[in-house]
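Shown below: query35.txt, with compact mmCIF, C-alpha atoms.
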# COMPACT_ATOMS: atom_id res chain seq x y z
CA MET A 1 131.48 125.38 122.04
CA THR A 2 131.44 125.94 125.82
CA ALA A 3 130.92 123.18 128.35
CA SER A 4 127.49 124.65 129.17
CA SER A 5 126.35 124.73 125.54
CA LYS A 6 127.60 121.17 125.01
CA LYS A 7 125.60 120.05 128.02
CA ASN A 8 122.45 121.80 126.76
CA SER A 9 122.93 120.29 123.29
CA SER A 10 123.32 116.84 124.83
CA LYS A 11 120.16 117.36 126.89
CA GLY A 12 118.29 118.50 123.79
CA SER A 13 119.39 115.45 121.80
CA ALA A 14 118.44 113.10 124.64
CA ALA A 15 115.03 114.77 124.93
CA THR A 16 114.47 114.39 121.18
CA VAL A 17 115.33 110.67 121.25
CA ALA A 18 113.09 110.20 124.30
CA ILE A 19 110.16 111.99 122.66
CA VAL A 20 110.50 109.87 119.49
CA LEU A 21 110.66 106.59 121.45
CA VAL A 22 107.81 107.45 123.81
CA THR A 23 105.66 108.81 120.96
CA SER A 24 105.99 105.43 119.21
CA LEU A 25 104.13 103.91 122.16
CA PHE A 26 101.12 106.16 121.48
CA PHE A 27 100.74 104.26 118.19
CA VAL A 28 100.76 100.93 120.07
CA TRP A 29 97.84 101.55 122.40
CA GLY A 30 95.95 103.43 119.68
CA LEU A 31 96.08 100.30 117.51
CA THR A 32 94.90 97.93 120.23
CA MET A 33 92.25 100.37 121.49
CA ASN A 34 90.55 100.64 118.12
CA LEU A 35 90.94 96.92 117.49
CA VAL A 36 88.73 96.41 120.55
CA ASN A 37 86.17 98.89 119.16
CA ALA A 38 86.23 97.25 115.71
CA LEU A 39 85.93 93.76 117.24
CA ASN A 40 82.63 94.65 118.92
CA SER A 41 80.35 93.74 116.01
CA PRO A 42 82.12 90.60 114.60
CA MET A 43 82.70 89.22 118.11
CA ALA A 44 78.98 89.62 118.85
CA ASN A 45 78.15 87.77 115.63
CA TYR A 46 80.55 84.82 115.86
CA LEU A 47 80.16 84.23 119.60
CA GLU A 48 76.40 84.96 119.36
CA LEU A 49 76.33 87.80 121.91
CA SER A 50 73.81 90.57 122.50
CA GLY A 51 74.89 94.18 121.99
CA THR A 52 75.18 94.63 125.74
CA GLU A 53 77.28 91.46 126.12
CA ALA A 54 79.56 92.55 123.28
CA SER A 55 80.09 95.93 125.00
CA LEU A 56 81.75 94.01 127.85
CA LEU A 57 84.84 94.19 125.60
CA GLN A 58 84.92 97.92 126.38
CA VAL A 59 84.14 97.26 130.05
CA ALA A 60 87.08 94.83 130.34
CA TYR A 61 89.45 97.04 128.36
CA TYR A 62 88.67 100.41 129.90
CA GLY A 63 87.88 99.04 133.34
CA ALA A 64 91.57 98.14 133.54
CA TYR A 65 92.38 101.83 133.18
CA PHE A 66 90.53 102.52 136.42
CA VAL A 67 92.22 99.64 138.24
CA MET A 68 95.79 100.27 137.05
CA ALA A 69 96.09 104.08 137.05
CA ILE A 70 97.05 104.45 140.72
CA PRO A 71 99.50 101.48 140.78
CA ALA A 72 101.09 102.87 137.60
CA SER A 73 101.45 106.29 139.26
CA ILE A 74 103.09 104.69 142.31
CA VAL A 75 105.58 102.89 140.03
CA ALA A 76 106.32 106.21 138.26
CA LYS A 77 107.00 107.96 141.57
CA LYS A 78 109.26 105.16 142.82
CA PHE A 79 111.09 104.13 139.63
CA GLY A 80 110.51 107.09 137.32
CA TYR A 81 108.67 107.26 134.01
CA LYS A 82 110.98 104.63 132.49
CA GLY A 83 110.00 102.08 135.14
CA GLY A 84 106.34 102.71 134.35
CA VAL A 85 106.92 102.28 130.60
CA ILE A 86 108.72 98.94 131.12
CA MET A 87 105.94 97.69 133.37
CA GLY A 88 103.30 98.73 130.82
CA LEU A 89 105.03 96.96 127.92
CA ALA A 90 105.47 93.76 129.98
CA LEU A 91 101.73 93.66 130.75
CA PHE A 92 100.96 94.34 127.09
CA VAL A 93 103.01 91.35 125.96
CA LEU A 94 101.47 89.09 128.60
CA GLY A 95 97.90 90.07 127.67
CA SER A 96 98.55 89.55 123.96
CA LEU A 97 99.75 86.01 124.67
CA VAL A 98 96.61 85.23 126.72
CA THR A 99 94.59 85.61 123.49
CA VAL A 100 96.18 82.36 122.24
CA PRO A 101 94.32 80.01 124.63
CA ALA A 102 91.26 82.29 124.49
CA THR A 103 90.90 81.89 120.72
CA ASN A 104 91.85 78.20 120.80
CA VAL A 105 88.82 77.34 122.95
CA ALA A 106 86.59 80.22 121.71
CA SER A 107 86.18 81.45 125.29
CA TYR A 108 84.68 84.94 125.48
CA GLY A 109 85.49 85.12 129.21
CA MET A 110 89.16 84.33 128.61
CA PHE A 111 89.28 86.84 125.75
CA LEU A 112 87.88 89.48 128.13
CA LEU A 113 90.70 88.60 130.55
CA ALA A 114 93.24 89.05 127.75
CA MET A 115 91.77 92.48 126.92
CA PHE A 116 91.91 93.43 130.60
CA VAL A 117 95.63 92.57 130.89
CA ILE A 118 96.44 94.32 127.59
CA ALA A 119 94.55 97.38 128.80
CA ALA A 120 96.39 97.22 132.14
CA GLY A 121 99.55 97.65 130.06
CA ALA A 122 97.98 100.45 128.01
CA SER A 123 96.81 102.19 131.20
CA THR A 124 100.30 102.02 132.68
CA LEU A 125 101.76 103.46 129.48
CA GLU A 126 99.20 106.28 129.36
CA THR A 127 99.74 107.17 133.03
CA ASN A 128 103.45 107.60 132.28
CA CYS A 129 103.70 108.70 128.64
CA ASN A 130 101.02 111.41 128.63
CA PRO A 131 102.48 113.48 131.50
CA TYR A 132 106.05 112.74 130.37
CA ILE A 133 105.45 114.23 126.91
CA THR A 134 103.36 117.08 128.37
CA LYS A 135 106.01 118.21 130.86
CA LEU A 136 109.21 117.49 128.87
CA GLY A 137 109.56 121.12 127.75
CA ASP A 138 108.13 124.59 128.30
CA GLU A 139 104.66 125.10 129.79
CA LYS A 140 103.41 127.27 126.90
CA HIS A 141 103.47 124.39 124.40
CA GLU A 142 102.21 121.56 126.65
CA SER A 143 98.92 121.10 124.77
CA MET A 144 100.67 121.20 121.40
CA ARG A 145 103.28 118.58 122.41
CA LEU A 146 100.71 116.15 123.77
CA ASN A 147 98.36 116.66 120.81
CA LEU A 148 101.21 115.93 118.37
CA ALA A 149 102.18 112.76 120.26
CA GLN A 150 98.52 111.72 120.44
CA SER A 151 98.36 112.15 116.65
CA PHE A 152 100.36 108.93 116.38
CA ASN A 153 97.80 107.32 118.66
CA GLY A 154 95.36 108.24 115.90
CA VAL A 155 97.58 106.52 113.31
CA GLY A 156 97.24 103.36 115.40
CA ASN A 157 93.47 103.90 115.42
CA ILE A 158 93.51 103.77 111.61
CA VAL A 159 95.69 100.68 111.32
CA GLY A 160 93.57 98.56 113.71
CA PRO A 161 90.31 98.58 111.69
CA LEU A 162 92.28 98.32 108.41
CA ILE A 163 93.91 95.10 109.62
CA LEU A 164 90.53 93.77 110.73
CA SER A 165 88.82 94.66 107.43
CA GLN A 166 91.37 92.55 105.51
CA PHE A 167 90.03 89.25 106.84
CA LEU A 168 86.45 90.01 107.86
CA GLY A 169 84.76 90.34 104.47
CA SER A 170 81.06 89.52 104.51
CA THR A 171 79.80 88.36 107.90
CA VAL A 172 78.30 84.88 108.00
CA ALA A 173 75.38 84.90 110.43
CA ALA A 174 74.72 82.09 112.90
CA GLY A 175 72.72 79.30 111.26
CA ASP A 176 73.82 80.22 107.73
CA PRO A 177 75.94 77.80 105.64
CA GLY A 178 79.66 78.23 106.34
CA PHE A 179 79.18 79.83 109.77
CA ALA A 180 81.44 77.32 111.57
CA GLU A 181 84.24 77.81 109.02
CA ALA A 182 83.93 81.61 109.16
CA LYS A 183 84.02 81.55 112.96
CA LEU A 184 87.16 79.38 112.94
CA ALA A 185 88.86 81.71 110.43
CA PHE A 186 87.94 84.76 112.53
CA LEU A 187 89.39 83.27 115.75
CA SER A 188 92.52 82.09 113.93
CA SER A 189 93.12 85.57 112.54
CA MET A 190 92.70 87.08 116.02
CA ARG A 191 95.25 84.63 117.42
CA GLY A 192 97.85 85.33 114.71
CA MET A 193 97.42 89.11 115.00
CA TYR A 194 97.95 89.22 118.75
CA ILE A 195 100.96 86.89 118.55
CA VAL A 196 102.60 89.37 116.15
CA ILE A 197 101.77 92.22 118.54
CA ALA A 198 103.36 90.31 121.44
CA VAL A 199 106.59 89.65 119.52
CA VAL A 200 106.96 93.25 118.33
CA LEU A 201 106.32 94.68 121.79
CA ALA A 202 108.80 92.29 123.38
CA ILE A 203 111.45 93.83 121.09
CA VAL A 204 110.31 97.37 122.01
CA LEU A 205 110.50 96.41 125.70
CA ALA A 206 114.12 95.33 125.25
CA VAL A 207 114.94 98.71 123.68
CA PHE A 208 113.48 100.66 126.61
CA VAL A 209 115.40 98.55 129.13
CA PHE A 210 118.70 99.84 127.69
CA VAL A 211 117.74 103.44 126.78
CA LYS A 212 118.10 106.28 129.31
CA LEU A 213 115.14 108.68 129.43
CA PRO A 214 115.83 112.29 130.52
CA THR A 215 113.88 113.71 133.48
CA PRO A 216 111.31 116.51 132.92
CA PRO A 217 112.39 119.93 134.35
CA GLY A 218 109.68 119.95 137.02
CA ASP A 219 110.83 116.58 138.38
CA GLU A 220 114.43 117.83 138.51
CA GLU A 221 113.39 120.95 140.45
CA GLU A 222 111.34 118.88 142.89
CA ALA A 223 114.16 116.40 143.47
CA ALA A 224 116.63 119.23 144.06
CA ALA A 225 114.28 120.91 146.54
CA GLY A 226 113.53 117.60 148.27
CA ASN A 227 109.79 118.34 148.49
CA ALA A 228 108.29 115.40 146.61
CA ASP A 229 104.70 114.37 147.34
CA LYS A 230 103.78 117.68 149.04
CA VAL A 231 100.79 118.27 146.74
CA SER A 232 98.03 115.83 147.74
CA PHE A 233 95.22 114.64 145.52
CA GLY A 234 92.74 116.34 147.85
CA ALA A 235 94.56 119.65 147.42
CA MET A 236 94.47 119.22 143.64
CA LEU A 237 90.71 118.63 143.70
CA LYS A 238 90.29 121.98 145.45
CA ARG A 239 91.31 123.63 142.19
CA PRO A 240 87.98 123.64 140.29
CA TYR A 241 89.54 123.45 136.82
CA PHE A 242 91.26 120.18 137.80
CA ALA A 243 88.11 118.48 139.16
CA LEU A 244 86.03 119.72 136.22
CA GLY A 245 88.73 118.47 133.84
CA VAL A 246 88.70 114.94 135.27
CA LEU A 247 84.90 114.88 134.78
CA ALA A 248 85.28 116.24 131.24
CA GLU A 249 87.80 113.50 130.42
CA PHE A 250 85.46 110.82 131.84
CA ILE A 251 82.59 112.04 129.65
CA PHE A 252 84.65 112.72 126.55
CA ILE A 253 86.56 109.43 126.31
CA GLY A 254 83.34 107.52 126.98
CA LEU A 255 81.59 109.26 124.08
CA GLN A 256 84.58 108.86 121.75
CA VAL A 257 84.78 105.11 122.36
CA ALA A 258 81.01 104.57 122.37
CA GLY A 259 80.71 106.23 118.97
CA MET A 260 83.48 104.06 117.51
CA SER A 261 82.08 100.84 119.01
CA LEU A 262 78.55 101.56 117.71
CA PHE A 263 79.66 102.84 114.31
CA SER A 264 79.77 99.56 112.37
CA SER A 265 76.29 98.47 113.47
CA PHE A 266 74.94 101.99 112.86
CA ALA A 267 76.49 102.15 109.36
CA MET A 268 75.09 98.74 108.34
CA GLN A 269 71.67 99.80 109.63
CA GLN A 270 71.63 103.18 107.85
CA TRP A 271 73.39 102.23 104.60
CA PRO A 272 71.58 99.46 102.67
CA GLY A 273 73.83 96.64 101.46
CA MET A 274 76.83 97.54 103.60
CA THR A 275 78.76 94.46 104.86
CA ALA A 276 80.73 94.13 108.11
CA GLY A 277 83.99 94.28 106.14
CA THR A 278 82.93 97.51 104.40
CA ALA A 279 81.78 98.97 107.72
CA ALA A 280 85.21 98.17 109.22
CA ALA A 281 86.84 99.93 106.25
CA TYR A 282 84.59 102.96 106.82
CA LEU A 283 85.62 102.89 110.48
CA SER A 284 89.22 103.20 109.30
CA ILE A 285 88.19 106.29 107.29
CA LEU A 286 86.62 107.70 110.45
CA SER A 287 89.89 106.97 112.25
CA LEU A 288 91.85 108.62 109.44
CA LEU A 289 89.89 111.84 109.89
CA PHE A 290 90.44 111.49 113.65
CA THR A 291 94.20 111.40 113.02
CA VAL A 292 94.14 114.18 110.41
CA GLY A 293 92.24 116.34 112.90
CA ARG A 294 95.08 116.01 115.42
CA PHE A 295 97.88 116.67 112.93
CA VAL A 296 96.10 119.65 111.34
CA SER A 297 95.15 121.13 114.70
CA THR A 298 98.69 121.06 116.11
CA PRO A 299 99.94 124.15 114.20
CA ILE A 300 96.60 125.91 114.82
CA MET A 301 97.38 125.71 118.55
CA THR A 302 100.27 128.13 118.05
CA LYS A 303 97.75 130.81 117.03
CA VAL A 304 94.54 129.88 118.88
CA GLU A 305 94.16 129.40 122.64
CA PRO A 306 93.80 125.63 123.30
CA GLY A 307 90.63 126.00 125.38
CA LYS A 308 88.87 128.03 122.68
CA LEU A 309 89.85 125.53 120.00
CA LEU A 310 88.53 122.68 122.17
CA GLY A 311 85.21 124.53 122.64
CA VAL A 312 84.66 125.09 118.91
CA TYR A 313 85.57 121.49 118.02
CA MET A 314 83.27 119.98 120.65
CA ILE A 315 80.31 122.13 119.50
CA ALA A 316 80.91 120.88 115.95
CA SER A 317 81.00 117.29 117.25
CA ALA A 318 77.68 117.76 119.06
CA VAL A 319 76.02 119.12 115.90
CA LEU A 320 77.26 116.24 113.72
CA PHE A 321 76.19 113.58 116.24
CA PHE A 322 72.74 115.19 116.25
CA VAL A 323 72.63 114.80 112.44
CA ALA A 324 73.53 111.11 112.94
CA PHE A 325 70.68 110.77 115.44
CA LEU A 326 68.21 112.07 112.82
CA GLY A 327 68.63 108.81 110.84
CA LEU A 328 69.14 110.31 107.38
CA GLY A 329 70.64 107.15 105.89
CA PRO A 330 74.07 107.59 104.25
CA VAL A 331 74.02 111.30 105.19
CA SER A 332 73.96 110.39 108.88
CA VAL A 333 76.76 107.85 108.40
CA VAL A 334 78.91 110.51 106.68
CA ALA A 335 78.07 113.02 109.44
CA MET A 336 79.28 110.56 112.08
CA ILE A 337 82.49 109.90 110.14
CA VAL A 338 83.19 113.64 109.74
CA SER A 339 82.46 114.30 113.43
CA TYR A 340 85.68 112.50 114.36
CA LEU A 341 87.69 115.19 112.59
CA PHE A 342 86.58 117.42 115.49
CA VAL A 343 86.41 114.74 118.20
CA SER A 344 90.13 114.18 117.54
CA ILE A 345 91.71 116.74 119.88
CA GLY A 346 89.41 116.21 122.88
CA TYR A 347 91.45 113.77 124.95
CA PRO A 348 94.92 115.40 124.76
CA MET A 349 93.48 118.91 125.10
CA VAL A 350 91.46 118.13 128.23
CA PHE A 351 94.43 116.18 129.64
CA SER A 352 96.91 119.05 129.26
CA LEU A 353 94.45 121.76 130.34
CA THR A 354 93.65 119.80 133.50
CA LEU A 355 97.35 119.52 134.42
CA THR A 356 98.13 123.19 133.80
CA GLY A 357 100.21 124.67 136.62
CA PHE A 358 101.23 121.34 138.21
CA LYS A 359 104.79 119.99 138.37
CA GLY A 360 106.75 116.95 139.59
CA SER A 361 104.89 114.36 141.66
CA ALA A 362 101.65 116.37 141.38
CA VAL A 363 101.71 115.69 137.64
CA LYS A 364 101.97 111.93 138.28
CA THR A 365 99.09 112.11 140.77
CA GLY A 366 96.96 114.18 138.40
CA SER A 367 97.79 111.91 135.50
CA SER A 368 96.62 108.85 137.45
CA ALA A 369 93.28 110.58 138.13
CA LEU A 370 92.88 111.44 134.45
CA VAL A 371 93.74 107.91 133.37
CA MET A 372 91.29 106.53 135.94
CA SER A 373 88.64 108.74 134.33
CA ILE A 374 89.09 106.65 131.18
CA VAL A 375 86.80 104.17 132.94
CA GLY A 376 84.18 106.34 131.25
CA ALA A 377 85.10 104.40 128.11
CA ALA A 378 83.86 101.27 129.89
CA LEU A 379 80.71 102.67 131.50
CA ILE A 380 79.37 105.09 128.88
CA PRO A 381 79.53 102.59 125.95
CA LEU A 382 77.79 100.01 128.17
CA PHE A 383 75.09 102.56 128.99
CA MET A 384 74.71 103.61 125.35
CA SER A 385 74.65 99.97 124.15
CA ALA A 386 71.85 99.23 126.62
CA ILE A 387 69.92 102.22 125.21
CA ALA A 388 70.63 100.97 121.67
CA ASP A 389 69.25 97.52 122.56
CA ALA A 390 66.13 99.07 124.12
CA ALA A 391 65.40 102.07 121.87
CA GLY A 392 67.73 101.88 118.86
CA ILE A 393 71.22 103.11 118.01
CA ASN A 394 69.95 106.54 116.89
CA VAL A 395 68.59 107.31 120.35
CA ALA A 396 71.87 106.11 121.88
CA LEU A 397 73.81 108.58 119.72
CA LEU A 398 71.61 111.43 120.95
CA VAL A 399 73.09 110.88 124.44
CA ALA A 400 76.43 112.13 123.10
CA VAL A 401 75.14 115.63 122.27
CA PRO A 402 74.89 117.09 125.81
CA GLY A 403 78.14 115.32 126.72
CA PHE A 404 80.09 117.05 123.95
CA LEU A 405 78.50 120.37 124.93
CA TYR A 406 79.80 119.96 128.50
CA VAL A 407 83.34 119.37 127.18
CA ALA A 408 82.92 122.49 125.00
CA TRP A 409 81.96 124.47 128.11
CA TYR A 410 85.04 123.16 129.92
CA GLY A 411 87.30 124.32 127.09
CA LEU A 412 85.72 127.78 126.88
CA PHE A 413 85.14 128.48 130.57
CA GLY A 414 85.67 125.57 133.00
CA CYS A 415 89.43 125.21 132.43
CA LYS A 416 89.94 128.76 133.76
CA ILE A 417 88.02 128.42 137.05
CA GLY A 418 90.51 128.57 139.93
CA LEU A 419 93.53 128.66 137.61
CA GLU A 420 96.43 130.64 139.03
CA ARG A 421 98.93 131.73 136.41
CA LYS A 422 102.32 133.18 137.30

Before we go any further, please render this structure as structure tokens.
Amino acid sequence: MTASSKKNSSKGSAATVAIVLVTSLFFVWGLTMNLVNALNSPMANYLELSGTEASLLQVAYYGAYFVMAIPASIVAKKFGYKGGVIMGLALFVLGSLVTVPATNVASYGMFLLAMFVIAAGASTLETNCNPYITKLGDEKHESMRLNLAQSFNGVGNIVGPLILSQFLGSTVAAGDPGFAEAKLAFLSSMRGMYIVIAVVLAIVLAVFVFVKLPTPPGDEEEAAAGNADKVSFGAMLKRPYFALGVLAEFIFIGLQVAGMSLFSSFAMQQWPGMTAGTAAAYLSILSLLFTVGRFVSTPIMTKVEPGKLLGVYMIASAVLFFVAFLGLGPVSVVAMIVSYLFVSIGYPMVFSLTLTGFKGSAVKTGSSALVMSIVGAALIPLFMSAIADAAGINVALLVAVPGFLYVAWYGLFGCKIGLERK
């Protein structure tokens, strides 16, 4: 074996180890993200909140994405993707520990703070891990690489509601016998769960401190040329497909999260006799289909153009959400569950399509804009929850239909506007 081939083999092995380690982090924020969605209904019950007040969980969690995206990008530019990952894990551990005093005193405000700090960690990880996986290889397979990594995010989405369903059982309403005991048990379970998360992530943090992550090819080229930071955010916005993609991500992630946060209440309303525990279990089935959709779609991307696949999937999502809006009882609940098989690929596909053609520091800048757009997951669920309080959950779900159709348009047409391919 020549010196050159040995070097390439070493690079390939290092890239494989890096991809495996970084992909494991996708599971972490997927788990905590869907825990927040699944907590919406029981938190509202045991802390006696309105639907709009309960949706502040999403505001706190996803609002942190907007706040932290640019600082996380700055850290990535100064210390590399590894520095960003370490910072994200540290914030994650800190936020998980803040849940201890929050649950001890049953303070909703303090719990919102804990979710904000956890999400600040998740935002930092997303700002670094998404572009790192996307650009650590050839341009042709960017969408496929990110979709595969995001599949493990979906695995985390399944595990979160499953954990929650194990100790929720039947919800005890305020004023009913045993409410105080049920509330205490709920808060105790939350405390224990987040302590475990903090300990595990502290171990993962230690691993990343000592592991060397290889640099994506585009970053190496930029460093060698000495032209870092030459592509400004303003210049990126002048490419229509980039600006349209940031808007598509804002709309899409908001609809994805809103649907998940409203699902339990919608299922209990539409399906007679369904308990909160059963609804949480059904949410895990929804999340399972979400994950299956990503895994199954990955090989399809080798044969079908990513934008076209995104368009077809988003049209299917719009149709199924419309069936949910019709209020057909269990049929509508099943339609909403099945819709997430198609919703699955939206985030990674829009993310990679929006960053097409960018390299080096421009990728970090673009990634921060896309992660900031995740604030849609704070604002759109709040908006839809307010509609649900005023006009019913069915009407709120109808709002998702035109949103999914816009994302479909982006995949079929918008992602090509102003795109210059070599």

Do a neighbour search on A:Phe290 at 9 Å with all atoms listed in the file, toss out local chain neighbours closer than 4 positions, and write the hits as a PDB file with C-alpha atoms, keeping the file's coordinate frame.
ATOM      1  CA  SER A 151      98.360 112.150 116.650  1.00  0.00           C
ATOM      2  CA  GLY A 154      95.360 108.240 115.900  1.00  0.00           C
ATOM      3  CA  VAL A 155      97.580 106.520 113.310  1.00  0.00           C
ATOM      4  CA  ASN A 157      93.470 103.900 115.420  1.00  0.00           C
ATOM      5  CA  ILE A 158      93.510 103.770 111.610  1.00  0.00           C
ATOM      6  CA  ILE A 285      88.190 106.290 107.290  1.00  0.00           C
ATOM      7  CA  LEU A 286      86.620 107.700 110.450  1.00  0.00           C
ATOM      8  CA  ARG A 294      95.080 116.010 115.420  1.00  0.00           C
ATOM      9  CA  ILE A 337      82.490 109.900 110.140  1.00  0.00           C
ATOM     10  CA  VAL A 338      83.190 113.640 109.740  1.00  0.00           C
ATOM     11  CA  SER A 339      82.460 114.300 113.430  1.00  0.00           C
ATOM     12  CA  TYR A 340      85.680 112.500 114.360  1.00  0.00           C
ATOM     13  CA  LEU A 341      87.690 115.190 112.590  1.00  0.00           C
ATOM     14  CA  PHE A 342      86.580 117.420 115.490  1.00  0.00           C
ATOM     15  CA  VAL A 343      86.410 114.740 118.200  1.00  0.00           C
ATOM     16  CA  SER A 344      90.130 114.180 117.540  1.00  0.00           C
ATOM     17  CA  ILE A 345      91.710 116.740 119.880  1.00  0.00           C
TER      18      ILE A 345
END

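Proximity to A:Leu31 was assessed for A:Gly63, A:Val199, A:Leu146, A:Ser287 counting all atoms listed in the file; the smallest distance is recorded for A:Ser287.
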
Excluding A:Met372 and its own-chain neighbours fewer than 3 positions away, which residues fall within 8 Å of it when counting only C-alpha atoms? Please give them as a list in words.
Tyr65, Phe66, Val67, Met68, Ala69, Ile70, Ser368, Ala369 and Val375 of chain A

Using all atoms of stretch 369-386 of chain A listed in the file and a margin of 3 Å per side, can you give the axis-aligned box centre and edge lengths in Å to one decimal, as lines of an AutoDock Vina configuration file?
center_x = 82.8
center_y = 105.3
center_z = 131.1
size_x = 27.9
size_y = 18.2
size_z = 20.0

Residue nearest A:Cys415 - candidates A:Ser352, A:Thr124, A:Gln166, A:Ser332, atoms counted: all atoms listed in the file:
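When distances to A:Cys415 are compared using all atoms listed in the file, the smallest one comes from A:Ser352.
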
With distances taken over only C-alpha atoms, which residue among A:Thr52, A:Glu142, A:Leu125, A:Ala102 lies nearest A:Thr302?
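Looking at the shortest contact to A:Thr302, the residue is A:Glu142.
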
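The smallest atom-to-atom distance between A:Leu184 and any of A:Tyr108, A:Tyr81, A:Phe92, A:Tyr46, using all atoms listed in the file, is found for A:Tyr46.
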
- Report the distance between atom CA of A:Ile300 and atom CA of A:Gly156 in Å, rounded to one decimal place.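 Rounded to one decimal, the two atoms are 22.6 Å apart.
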
From the list A:Phe111, A:Phe152, A:Phe179, A:Trp29, the nearest residue to A:Ser123 using all atoms listed in the file is A:Trp29

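Across the model, the gap from atom CA of A:Ile380 to atom CA of A:Val395 is 13.9 Å.
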
Computed gap from atom CA of A:Met87 to atom CA of A:Ala122 is 10.0 Å

Determine the nearest neighbour of A:Phe351 from the options A:Tyr410, A:Tyr194, A:Phe233, A:Phe266, counting only C-alpha atoms.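 Residue with the minimum atom-to-atom distance to A:Phe351: A:Tyr410.
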
A:Val319: which residues within 9 Å, counting only C-alpha atoms, same-chain residues fewer than 4 positions away excluded, as a VMD selection string?
chain A and resid 314 to 315 323 to 324 339 401
